[in-house]
Amino acid sequence: MLRKMIPALYLLLLIALSPTISAQLTVEKIMREASWIGTSPTNPTWTQDGQYLYFNWNPTKSISDSLYYISLQNKVPMKAIPIETHNYNGTGNYIYNLARTQYVFAKDGDIFIGDTKTNKLRRITQTVDPESAPRFSFNETAVVYNRGQNLYAWDIITGETRQLTHLRGAADGAQRSTTPTTRTSTTGTIPQEEWMKNDQLQYFQVLKERKDKREKGEAYTKSIPKPKELRNISIEDKTLSGLNISPNGRYISYNLTKQVTNAKTTIVPNYVTESGFTTDIAARTKVGAPQSTTEFFIYDRENDTVWVVRTDSIPGIRDLPDYLKDYPRQLEERKKKNVNREVVFVGTSWSPKGTHVAFDVRSADNKDRWLIRWDTATRQLKLIDRQRDEAWIGGPGVSNPRLGWLDEDNYWFQSETTGYSHLYTINVATGTRRALTSGNYEVQQAQLSLDKKSFFITTNEIHPGDQQFFRLNVATGKKERITSMPGANQVSVSRDEKHIAILHSSSNKPWELYIQENKPGGKIEQVTTMAQSAEFKTYAWREPEVVTFPARDGAMVYARLYKPANPHPNKPAVIFVHGAGYLQNAHKWWSQYFREYMFNNLLADQGYVVLDIDYRGSSGYGRDWRTGIYRYMGGKDLSDHTDGVNWLVKNHGVNPKHVGIYGGSYGGFITLMGLFTEPEVYAAGGALRSVTDWANYNHQYTSNILNEPYTDSIAYRRSSPLYFAEGLKGHLLMCHGMVDVNVHFQDIIKLSQRLIELGKDNWELAVYPMEDHAFVEASSWTDEYKRVLKLFEMVLKR
């Protein structure tokens with residue numbers, strides 16, 4: 001009996017340990033709370049001395065993450081005790097003086113200053129009102145910080161605090177008078193009162209002496225020089241932002257924004273509430289609504305003068321967009337008006353000695369980015385760089401500006417001027433411009449080193465779907481590759497720049513934390529090991545092949561390919577469409593669409609070939625790819641998917657009659673456009689939380705791509721699925737959360753009414769009364785994807 005049991009036990013042990021024998025996937029299993037996968041660390045933050053690394057983590061499966069840390073001496077994660085959590089600077093945002101002997105930071109609404117040599121920390125403020133944004137100024141003799149809408153300076157030597165600005169809004173009201181009031185007459189002094197006053201002083205000596213004494217005292221007081229009063233600067237009903245001060249403390253710069261009050265906003269009804277009553281959620285405006293306007297000011301404290309930065313002289317301020325050629329009447333009207341475009345001031349940075357201030361200016365139509373400097377000596381505006389894009393300004397380091405000063409005359413920035421986002425420097429005195437990087441890849445992150453002689457950059461030059469970390473020498477342009485693990489390496493540099501923390505993942509393994517010496521070939525040590533639970537490891541998750549195929553215009557399209565071990569006899573295929581538009585998913589790291597990654601594994605197990613495409617409009621491939629959807633969403637982004645289907649048919653034996661498509665948000669939009677405009681290609685589709693009419697969406701995203709509905713109706717007409725619903729022939733599933741404050745439920749209701757009026761009967765709508773755009777409940781995810789799977793099983797395999 002024992003001998004019979006041993007082979008059975010051995011077989012069970014072999015099954016448990018073998019990575020090739022995989023557990024069966026179900027929708028119920030993969031759509032559970034994400035914690036079943038494992039726990040990954042987030043937000044790695046170094047302490048100021050570079051000796052400790054803090055991060056958020058949840059190895060104990062608690063309700064939420066807790067704070068953990070390691071030291072360079074002990075790399076075993078330890079849970080922070082309450083006092084350590086209290087003292088932790090979660091932002092990791094330390095501002096140093098030029099000599100790096102002192103640093104300041106804000107924490108819990110108060111300001112602190114530290115000494116880098118002694119590690120002593122001193123609290124500057126402890127008030128009810130929150131203080132923020134500390135920096136060194138007055139030639140580093142003071143710490144300046146924001147409180148409310150004003151600046152204050154704390155003297156490092158004396159500890160005295162003084163207010164630097166007196167910016168007041170209309171709601172603040174007028175200053176209260178401290179002088180006593182007197183009764184006056186409109187016709188002058190009343191004779192009776194004047195006679196009585198003289199009579200009193202003539203007959204009462206004490207009264208006269210007191211009057212003389214008082215008048216002498218008042219005269220003396222007036223002779224004493226008064227401290228200079230702060231100028232009361234009214235900002236009226238505008239919103240203050242970008243309050244900043246020059247390093248020498250003389251100039252203060254700020255933005256004032258005039259908010260729009262007459263723009264109509266939308267509401268989202270919430271039907272399932274604790275009260276039992278339907279409530280309205282205040283949402284947003286729609287694309288084309290009036291936008292706020294901004295002005296930029298510089299206050300000269302020495303001369304008590306406020307300068308308004310005028311944009312009239314900016315090159316190209318009156319340029320009109322090319323798309324107006326499609327609207328001759330509108331073009332002529334705009335030419336006749338010949339007015340300056342509205343602009344937005346994105347950010348400012350003062351040179352180290354304060355002789356220049358540079359600011360990033362964007363046109364309101366987002367077709368121009370100007371980098372401008374204001375010279376404090378001449379008080380003149382001078383152009384540093386202009387980037388014009390007839391589609392829209394964007395790309396890494398441009399949409400989220402990364403720029404600053406190397407020294408008093410050399411400025412650095414990123415630009416897509418070559419078609420890919422790269423690093424540049426320019427000498428503002430001579431105008432000499434220099435590219436530090438070049439090539440058909442993107443600089444996706446850039447950080448200037450402490451000595452300002454190097455940049456730490458993350459690029460995808462090895463492969464579009466691979467992120468590696470480099471040190472770039474400013475003088476020579478030479479790069480040294482620091483990281484070596486394939487996939488994504490998201491790096492945090494220690495304050496002393498001797499070590500780096502790396503969040504690393506691959507396409508089938510979630511994020512883990514590593515630490516490495518900050519040099520090529522530096523020793524790598526893994527810190528965490530719990531991103532994959534024991535249950536998650538029981539399945540052999542595919543590492544999808546990153547492939548390329550040619551689009552009809554000759555461009556090469558990147559995609560993830562999931563191949564079934566046992567294809568279904570019908571040779572079906574499913575196209576997954578990632579959301580957001582400007583996002584990358586055909587890469588070599590753990591996808592933020594991890595549920596869809598798992599569902600694609602399930603589909604492959606069921607015999608489907610799955611293709612996940614980085615279509616036109618996706619990130620990671622440069623400017624032309626990013627803007628390939630300009631004025632026509634549902635154009636090249638959709639044809640890229642159709643070309644992918646043709647590639648599957650030709651190279652992987654897929655049956656062209658058995659192709660399905662699914663995706664959420666932008667992916668839902670493409671699914672609708674596929675079924676409506678190319679019904680011969682797509683037999684079934686799952687459109688989840690889909691945009692159906694772009695005129696319903698928000699301004700910031702939509703106006704970049706399609707301009708505005710009333711200025712470019714052509715773009716909206718050819719880009720919105722609502723106008724093409726009559727083309728539906730295949731089977732359509734639509735799913736939408738009813739409290740979606742991003743893509744409103746109104747979108748799917750309008751399309752449903754359109755399908756009803758067209759007499760279409762091959763569609764269904766599943767609604768989720770308590771879900772927003774990103775679902776929260778596992779039950780909702782499960783229901784949604786059971787419906788998608790059922791659709792494909794019923795249509796593509798019959």
# chains A, B, ... in the order shown; residues from 1 in each chain; ligands from 1
>>> residues_around(residues="Ser35 in chain A", least_positions_apart="4", cutoff="10 Å", atoms="only C-alpha atoms", output="PyMOL selection string")
chain A and resi 39-40+58-59+61-62+531-533
>>> write_last_selection(atoms="N, CA and C atoms", output="PDB file, in the first residue's frame")
ATOM      1  N   THR A  39       1.329  41.598  -3.780  1.00  0.00           N
ATOM      2  CA  THR A  39       1.454  43.003  -3.366  1.00  0.00           C
ATOM      3  C   THR A  39       2.747  43.587  -3.902  1.00  0.00           C
ATOM      4  N   SER A  40       2.642  44.731  -4.557  1.00  0.00           N
ATOM      5  CA  SER A  40       3.806  45.414  -5.120  1.00  0.00           C
ATOM      6  C   SER A  40       4.072  46.701  -4.352  1.00  0.00           C
ATOM      7  N   ASN A  58       2.173  46.262   1.228  1.00  0.00           N
ATOM      8  CA  ASN A  58       1.123  45.582   1.995  1.00  0.00           C
ATOM      9  C   ASN A  58       1.321  44.068   2.001  1.00  0.00           C
ATOM     10  N   PRO A  59       2.421  43.607   2.593  1.00  0.00           N
ATOM     11  CA  PRO A  59       2.665  42.161   2.608  1.00  0.00           C
ATOM     12  C   PRO A  59       1.748  41.392   3.555  1.00  0.00           C
ATOM     13  N   LYS A  61      -1.548  41.850   3.789  1.00  0.00           N
ATOM     14  CA  LYS A  61      -2.911  41.871   3.245  1.00  0.00           C
ATOM     15  C   LYS A  61      -3.864  42.659   4.136  1.00  0.00           C
ATOM     16  N   SER A  62      -3.413  43.799   4.609  1.00  0.00           N
ATOM     17  CA  SER A  62      -4.267  44.672   5.414  1.00  0.00           C
ATOM     18  C   SER A  62      -5.228  45.437   4.500  1.00  0.00           C
ATOM     19  N   ALA A 531       5.264  40.300  -5.034  1.00  0.00           N
ATOM     20  CA  ALA A 531       4.364  40.793  -6.077  1.00  0.00           C
ATOM     21  C   ALA A 531       3.513  39.685  -6.666  1.00  0.00           C
ATOM     22  N   GLN A 532       3.967  38.439  -6.520  1.00  0.00           N
ATOM     23  CA  GLN A 532       3.214  37.284  -7.007  1.00  0.00           C
ATOM     24  C   GLN A 532       2.856  36.384  -5.836  1.00  0.00           C
ATOM     25  N   SER A 533       1.566  36.183  -5.633  1.00  0.00           N
ATOM     26  CA  SER A 533       1.121  35.286  -4.564  1.00  0.00           C
ATOM     27  C   SER A 533       1.338  33.840  -4.994  1.00  0.00           C
TER      28      SER A 533
END
>>> residues_around(residues="Phe297 in chain A", least_positions_apart="6", cutoff="7 Å", atoms="only C-alpha atoms", output="tab-separated table (two decimals) with C-alpha atoms, in the first residue's frame")
chain	number	residue	atom	x	y	z
A	253	SER	CA	6.28	86.74	-10.05
A	254	TYR	CA	2.75	85.38	-10.13
A	255	ASN	CA	-0.16	84.40	-12.38
A	306	VAL	CA	4.14	95.85	-10.86
A	307	TRP	CA	4.95	94.83	-14.43
A	308	VAL	CA	2.37	93.08	-16.59
A	309	VAL	CA	4.01	90.69	-19.05
>>> select_by_dssp(residues="range 543-633 of chain A", states="strand (DSSP E)", output="number ranges by chain")
A: 545-550, 556-562, 573-577, 609-613
>>> select_by_dssp(residues="range 563-670 of chain A", states="helix (DSSP H, G or I)", output="JSON, numbers by chain")
{"A": [594, 595, 596, 597, 598, 599, 600, 601, 602, 603, 604, 605, 623, 624, 625, 626, 636, 637, 638, 639, 640, 641, 642, 643, 644, 645, 646, 647, 648, 649, 650, 651, 652, 666, 667, 668, 669, 670]}
>>> write_last_selection(atoms="N, CA and C atoms", output="mmCIF file, in the first residue's frame")
data_model
loop_
_atom_site.group_PDB
_atom_site.id
_atom_site.type_symbol
_atom_site.label_atom_id
_atom_site.label_comp_id
_atom_site.auth_asym_id
_atom_site.auth_seq_id
_atom_site.Cartn_x
_atom_site.Cartn_y
_atom_site.Cartn_z
ATOM 1 N N PHE A 594 -3.921 45.105 -16.189
ATOM 2 C CA PHE A 594 -3.576 43.749 -15.754
ATOM 3 C C PHE A 594 -4.774 42.805 -15.811
ATOM 4 N N ARG A 595 -5.978 43.317 -15.593
ATOM 5 C CA ARG A 595 -7.165 42.451 -15.710
ATOM 6 C C ARG A 595 -7.335 41.980 -17.154
ATOM 7 N N GLU A 596 -7.139 42.916 -18.089
ATOM 8 C CA GLU A 596 -7.254 42.543 -19.495
ATOM 9 C C GLU A 596 -6.114 41.616 -19.904
ATOM 10 N N TYR A 597 -4.922 41.811 -19.315
ATOM 11 C CA TYR A 597 -3.814 40.882 -19.577
ATOM 12 C C TYR A 597 -4.216 39.471 -19.167
ATOM 13 N N MET A 598 -4.808 39.341 -17.989
ATOM 14 C CA MET A 598 -5.230 38.016 -17.529
ATOM 15 C C MET A 598 -6.365 37.469 -18.388
ATOM 16 N N PHE A 599 -7.294 38.334 -18.791
ATOM 17 C CA PHE A 599 -8.404 37.904 -19.643
ATOM 18 C C PHE A 599 -7.885 37.458 -21.005
ATOM 19 N N ASN A 600 -6.850 38.128 -21.528
ATOM 20 C CA ASN A 600 -6.269 37.708 -22.803
ATOM 21 C C ASN A 600 -5.604 36.343 -22.684
ATOM 22 N N ASN A 601 -5.017 36.046 -21.512
ATOM 23 C CA ASN A 601 -4.494 34.700 -21.267
ATOM 24 C C ASN A 601 -5.623 33.681 -21.284
ATOM 25 N N LEU A 602 -6.748 34.028 -20.647
ATOM 26 C CA LEU A 602 -7.909 33.141 -20.629
ATOM 27 C C LEU A 602 -8.418 32.891 -22.051
ATOM 28 N N LEU A 603 -8.498 33.955 -22.858
ATOM 29 C CA LEU A 603 -8.957 33.794 -24.235
ATOM 30 C C LEU A 603 -8.024 32.875 -25.024
ATOM 31 N N ALA A 604 -6.714 33.042 -24.820
ATOM 32 C CA ALA A 604 -5.766 32.170 -25.514
ATOM 33 C C ALA A 604 -5.950 30.721 -25.079
ATOM 34 N N ASP A 605 -6.218 30.514 -23.795
ATOM 35 C CA ASP A 605 -6.497 29.157 -23.318
ATOM 36 C C ASP A 605 -7.734 28.567 -23.987
ATOM 37 N N ARG A 623 6.339 61.975 -32.049
ATOM 38 C CA ARG A 623 5.310 62.964 -32.354
ATOM 39 C C ARG A 623 4.345 62.516 -33.444
ATOM 40 N N ASP A 624 4.840 61.975 -34.559
ATOM 41 C CA ASP A 624 3.961 61.622 -35.667
ATOM 42 C C ASP A 624 2.966 60.539 -35.260
ATOM 43 N N TRP A 625 3.409 59.612 -34.452
ATOM 44 C CA TRP A 625 2.501 58.555 -33.972
ATOM 45 C C TRP A 625 1.480 59.145 -32.995
ATOM 46 N N ARG A 626 1.965 60.020 -32.122
ATOM 47 C CA ARG A 626 1.094 60.658 -31.135
ATOM 48 C C ARG A 626 -0.028 61.440 -31.799
ATOM 49 N N LYS A 636 -6.825 56.429 -38.729
ATOM 50 C CA LYS A 636 -5.660 55.538 -38.709
ATOM 51 C C LYS A 636 -5.616 54.659 -37.468
ATOM 52 N N ASP A 637 -6.175 55.144 -36.357
ATOM 53 C CA ASP A 637 -6.187 54.304 -35.159
ATOM 54 C C ASP A 637 -7.022 53.045 -35.388
ATOM 55 N N LEU A 638 -8.128 53.175 -36.124
ATOM 56 C CA LEU A 638 -8.944 51.997 -36.449
ATOM 57 C C LEU A 638 -8.305 51.167 -37.555
ATOM 58 N N SER A 639 -7.784 51.819 -38.594
ATOM 59 C CA SER A 639 -7.191 51.052 -39.697
ATOM 60 C C SER A 639 -5.972 50.266 -39.240
ATOM 61 N N ASP A 640 -5.259 50.759 -38.221
ATOM 62 C CA ASP A 640 -4.154 49.973 -37.665
ATOM 63 C C ASP A 640 -4.655 48.638 -37.126
ATOM 64 N N HIS A 641 -5.828 48.644 -36.479
ATOM 65 C CA HIS A 641 -6.394 47.393 -35.971
ATOM 66 C C HIS A 641 -6.833 46.473 -37.105
ATOM 67 N N THR A 642 -7.444 47.049 -38.114
ATOM 68 C CA THR A 642 -7.870 46.243 -39.253
ATOM 69 C C THR A 642 -6.675 45.654 -39.989
ATOM 70 N N ASP A 643 -5.593 46.441 -40.106
ATOM 71 C CA ASP A 643 -4.367 45.906 -40.715
ATOM 72 C C ASP A 643 -3.781 44.791 -39.856
ATOM 73 N N GLY A 644 -3.957 44.907 -38.538
ATOM 74 C CA GLY A 644 -3.522 43.830 -37.655
ATOM 75 C C GLY A 644 -4.315 42.556 -37.881
ATOM 76 N N VAL A 645 -5.610 42.684 -38.127
ATOM 77 C CA VAL A 645 -6.443 41.515 -38.444
ATOM 78 C C VAL A 645 -5.942 40.849 -39.720
ATOM 79 N N ASN A 646 -5.681 41.655 -40.749
ATOM 80 C CA ASN A 646 -5.189 41.108 -42.015
ATOM 81 C C ASN A 646 -3.852 40.390 -41.825
ATOM 82 N N TRP A 647 -3.009 40.938 -40.945
ATOM 83 C CA TRP A 647 -1.714 40.296 -40.663
ATOM 84 C C TRP A 647 -1.916 38.950 -39.970
ATOM 85 N N LEU A 648 -2.883 38.889 -39.059
ATOM 86 C CA LEU A 648 -3.184 37.623 -38.380
ATOM 87 C C LEU A 648 -3.711 36.586 -39.362
ATOM 88 N N VAL A 649 -4.562 37.023 -40.269
ATOM 89 C CA VAL A 649 -5.106 36.107 -41.272
ATOM 90 C C VAL A 649 -3.991 35.543 -42.138
ATOM 91 N N LYS A 650 -3.087 36.408 -42.553
ATOM 92 C CA LYS A 650 -2.019 35.998 -43.462
ATOM 93 C C LYS A 650 -0.943 35.172 -42.777
ATOM 94 N N ASN A 651 -0.598 35.533 -41.527
ATOM 95 C CA ASN A 651 0.568 34.926 -40.879
ATOM 96 C C ASN A 651 0.233 33.917 -39.790
ATOM 97 N N HIS A 652 -0.987 33.928 -39.281
ATOM 98 C CA HIS A 652 -1.310 33.026 -38.171
ATOM 99 C C HIS A 652 -2.589 32.226 -38.414
ATOM 100 N N TYR A 666 -11.410 54.688 -24.557
ATOM 101 C CA TYR A 666 -11.023 54.861 -25.961
ATOM 102 C C TYR A 666 -11.121 53.524 -26.690
ATOM 103 N N GLY A 667 -10.821 52.450 -25.968
ATOM 104 C CA GLY A 667 -10.960 51.121 -26.571
ATOM 105 C C GLY A 667 -12.400 50.799 -26.915
ATOM 106 N N GLY A 668 -13.340 51.269 -26.087
ATOM 107 C CA GLY A 668 -14.754 51.101 -26.405
ATOM 108 C C GLY A 668 -15.150 51.915 -27.615
ATOM 109 N N PHE A 669 -14.611 53.111 -27.720
ATOM 110 C CA PHE A 669 -14.859 53.974 -28.880
ATOM 111 C C PHE A 669 -14.405 53.292 -30.171
ATOM 112 N N ILE A 670 -13.169 52.755 -30.171
ATOM 113 C CA ILE A 670 -12.657 52.083 -31.365
ATOM 114 C C ILE A 670 -13.502 50.849 -31.686
#
>>> residues_around(residues="range 82-94 of chain A", least_positions_apart="4", cutoff="12 Å", atoms="only C-alpha atoms", output="ChimeraX atom specification")
/A:42-50,52-56,66-69,78,100,102-116,121,123,132-136,492-495
>>> write_last_selection(atoms="N, CA and C atoms", output="short mmCIF file (atom, residue, chain, number, x, y, z; two decimals), in the first residue's frame")
data_model
loop_
_atom_site.label_atom_id
_atom_site.label_comp_id
_atom_site.auth_asym_id
_atom_site.auth_seq_id
_atom_site.Cartn_x
_atom_site.Cartn_y
_atom_site.Cartn_z
N THR A 42 5.15 50.65 -3.79
CA THR A 42 4.93 51.88 -4.55
C THR A 42 5.63 53.04 -3.85
N ASN A 43 5.82 54.12 -4.58
CA ASN A 43 6.33 55.39 -4.06
C ASN A 43 7.63 55.26 -3.27
N PRO A 44 8.68 54.69 -3.85
CA PRO A 44 9.97 54.65 -3.15
C PRO A 44 10.54 56.06 -2.98
N THR A 45 10.92 56.40 -1.76
CA THR A 45 11.38 57.76 -1.44
C THR A 45 12.60 57.69 -0.54
N TRP A 46 13.68 58.34 -0.96
CA TRP A 46 14.91 58.35 -0.17
C TRP A 46 14.86 59.43 0.91
N THR A 47 15.51 59.14 2.03
CA THR A 47 15.69 60.19 3.03
C THR A 47 16.77 61.16 2.54
N GLN A 48 16.84 62.30 3.19
CA GLN A 48 17.74 63.36 2.74
C GLN A 48 19.20 62.92 2.72
N ASP A 49 19.60 62.08 3.66
CA ASP A 49 21.01 61.65 3.71
C ASP A 49 21.31 60.47 2.80
N GLY A 50 20.29 59.95 2.12
CA GLY A 50 20.50 58.84 1.20
C GLY A 50 20.76 57.51 1.87
N TYR A 52 18.41 55.83 3.92
CA TYR A 52 17.18 55.03 4.11
C TYR A 52 16.26 55.21 2.89
N LEU A 53 15.56 54.14 2.57
CA LEU A 53 14.59 54.16 1.49
C LEU A 53 13.24 53.73 2.04
N TYR A 54 12.26 54.61 1.92
CA TYR A 54 10.89 54.32 2.37
C TYR A 54 10.02 53.96 1.17
N PHE A 55 9.00 53.15 1.40
CA PHE A 55 8.06 52.80 0.33
C PHE A 55 6.77 52.28 0.96
N ASN A 56 5.71 52.33 0.18
CA ASN A 56 4.42 51.79 0.61
C ASN A 56 4.30 50.35 0.16
N SER A 66 0.93 50.01 4.08
CA SER A 66 1.62 50.63 5.21
C SER A 66 2.98 51.12 4.75
N LEU A 67 3.62 51.93 5.61
CA LEU A 67 4.93 52.48 5.28
C LEU A 67 6.02 51.52 5.76
N TYR A 68 6.92 51.16 4.84
CA TYR A 68 8.06 50.30 5.15
C TYR A 68 9.35 51.03 4.78
N TYR A 69 10.47 50.51 5.28
CA TYR A 69 11.75 51.12 4.92
C TYR A 69 12.86 50.08 4.98
N MET A 78 11.39 46.75 6.87
CA MET A 78 10.85 46.89 8.22
C MET A 78 9.64 47.83 8.16
N ARG A 100 24.70 73.19 -0.81
CA ARG A 100 24.12 71.93 -0.32
C ARG A 100 24.48 71.67 1.15
N GLN A 102 22.45 73.18 3.51
CA GLN A 102 21.14 73.27 4.14
C GLN A 102 20.06 72.87 3.15
N TYR A 103 18.94 72.45 3.70
CA TYR A 103 17.81 72.09 2.85
C TYR A 103 16.52 72.45 3.57
N VAL A 104 15.47 72.67 2.81
CA VAL A 104 14.17 72.99 3.38
C VAL A 104 13.12 72.08 2.74
N PHE A 105 12.03 71.88 3.47
CA PHE A 105 10.91 71.12 2.92
C PHE A 105 9.65 71.44 3.71
N ALA A 106 8.52 71.12 3.11
CA ALA A 106 7.22 71.31 3.75
C ALA A 106 6.66 69.95 4.13
N LYS A 107 6.06 69.89 5.33
CA LYS A 107 5.45 68.65 5.80
C LYS A 107 4.27 68.98 6.70
N ASP A 108 3.13 68.40 6.38
CA ASP A 108 1.92 68.61 7.18
C ASP A 108 1.59 70.09 7.37
N GLY A 109 1.87 70.89 6.33
CA GLY A 109 1.51 72.30 6.37
C GLY A 109 2.48 73.19 7.12
N ASP A 110 3.64 72.65 7.53
CA ASP A 110 4.65 73.46 8.20
C ASP A 110 5.97 73.38 7.43
N ILE A 111 6.89 74.31 7.73
CA ILE A 111 8.16 74.41 7.02
C ILE A 111 9.30 74.00 7.95
N PHE A 112 10.25 73.23 7.41
CA PHE A 112 11.39 72.76 8.17
C PHE A 112 12.68 73.09 7.42
N ILE A 113 13.75 73.29 8.20
CA ILE A 113 15.08 73.50 7.63
C ILE A 113 16.03 72.51 8.29
N GLY A 114 16.91 71.92 7.46
CA GLY A 114 17.85 70.93 7.98
C GLY A 114 19.28 71.25 7.60
N ASP A 115 20.20 70.70 8.35
CA ASP A 115 21.63 70.84 8.11
C ASP A 115 22.17 69.51 7.59
N THR A 116 22.81 69.51 6.42
CA THR A 116 23.25 68.27 5.80
C THR A 116 24.43 67.63 6.53
N LEU A 121 17.47 69.06 12.46
CA LEU A 121 16.28 69.58 11.81
C LEU A 121 15.63 70.63 12.70
N ARG A 123 12.19 73.29 13.00
CA ARG A 123 10.88 73.69 12.51
C ARG A 123 10.84 75.21 12.40
N SER A 132 3.61 76.34 2.51
CA SER A 132 4.06 75.44 1.45
C SER A 132 5.17 76.09 0.63
N ALA A 133 5.70 75.29 -0.29
CA ALA A 133 6.67 75.75 -1.30
C ALA A 133 7.84 76.53 -0.74
N PRO A 134 8.61 75.99 0.22
CA PRO A 134 9.77 76.73 0.74
C PRO A 134 10.91 76.76 -0.27
N ARG A 135 11.68 77.84 -0.27
CA ARG A 135 12.88 77.96 -1.10
C ARG A 135 13.78 79.02 -0.48
N PHE A 136 15.06 78.95 -0.84
CA PHE A 136 16.03 79.92 -0.35
C PHE A 136 15.97 81.17 -1.23
N SER A 492 14.41 55.92 -8.84
CA SER A 492 14.47 57.03 -7.90
C SER A 492 15.91 57.14 -7.41
N VAL A 493 16.53 58.30 -7.64
CA VAL A 493 17.94 58.50 -7.30
C VAL A 493 18.06 58.98 -5.86
N SER A 494 19.00 58.41 -5.10
CA SER A 494 19.20 58.85 -3.73
C SER A 494 19.73 60.28 -3.72
N ARG A 495 19.59 60.97 -2.56
CA ARG A 495 19.96 62.38 -2.49
C ARG A 495 21.45 62.61 -2.72
#
>>> residues_around(residues="Asp614 in chain A", least_positions_apart="5", cutoff="10 Å", atoms="only C-alpha atoms", output="VMD selection string")
chain A and resid 548 557 to 560 577 to 578 581 to 587 619 to 621 625 637 640 to 641
>>> closest_residue(among="A:Arg433, A:Arg754, A:His504, A:Arg379", to="Asp693 in chain A", atoms="only C-alpha atoms")
A:Arg754
>>> residues_around(residues="Ile157 in chain A", least_positions_apart="6", cutoff="12 Å", atoms="only C-alpha atoms", output="list in words")
Glu140, Thr141, Ala142 and Val143 of chain A
>>> residues_around(residues="Thr239 in chain A", least_positions_apart="3", cutoff="12 Å", atoms="only C-alpha atoms", output="PyMOL selection string")
chain A and resi 148-149+167-171+234-236+242-243+254-260+292-296
>>> atom_distance(atom1="CA of Asp375 in chain A", atom2="CA of His356 in chain A")
5.0 Å
>>> closest_residue(among="A:Thr285, A:Asn340, A:Arg787, A:Glu333", to="Asp312 in chain A", atoms="only C-alpha atoms")
A:Asn340
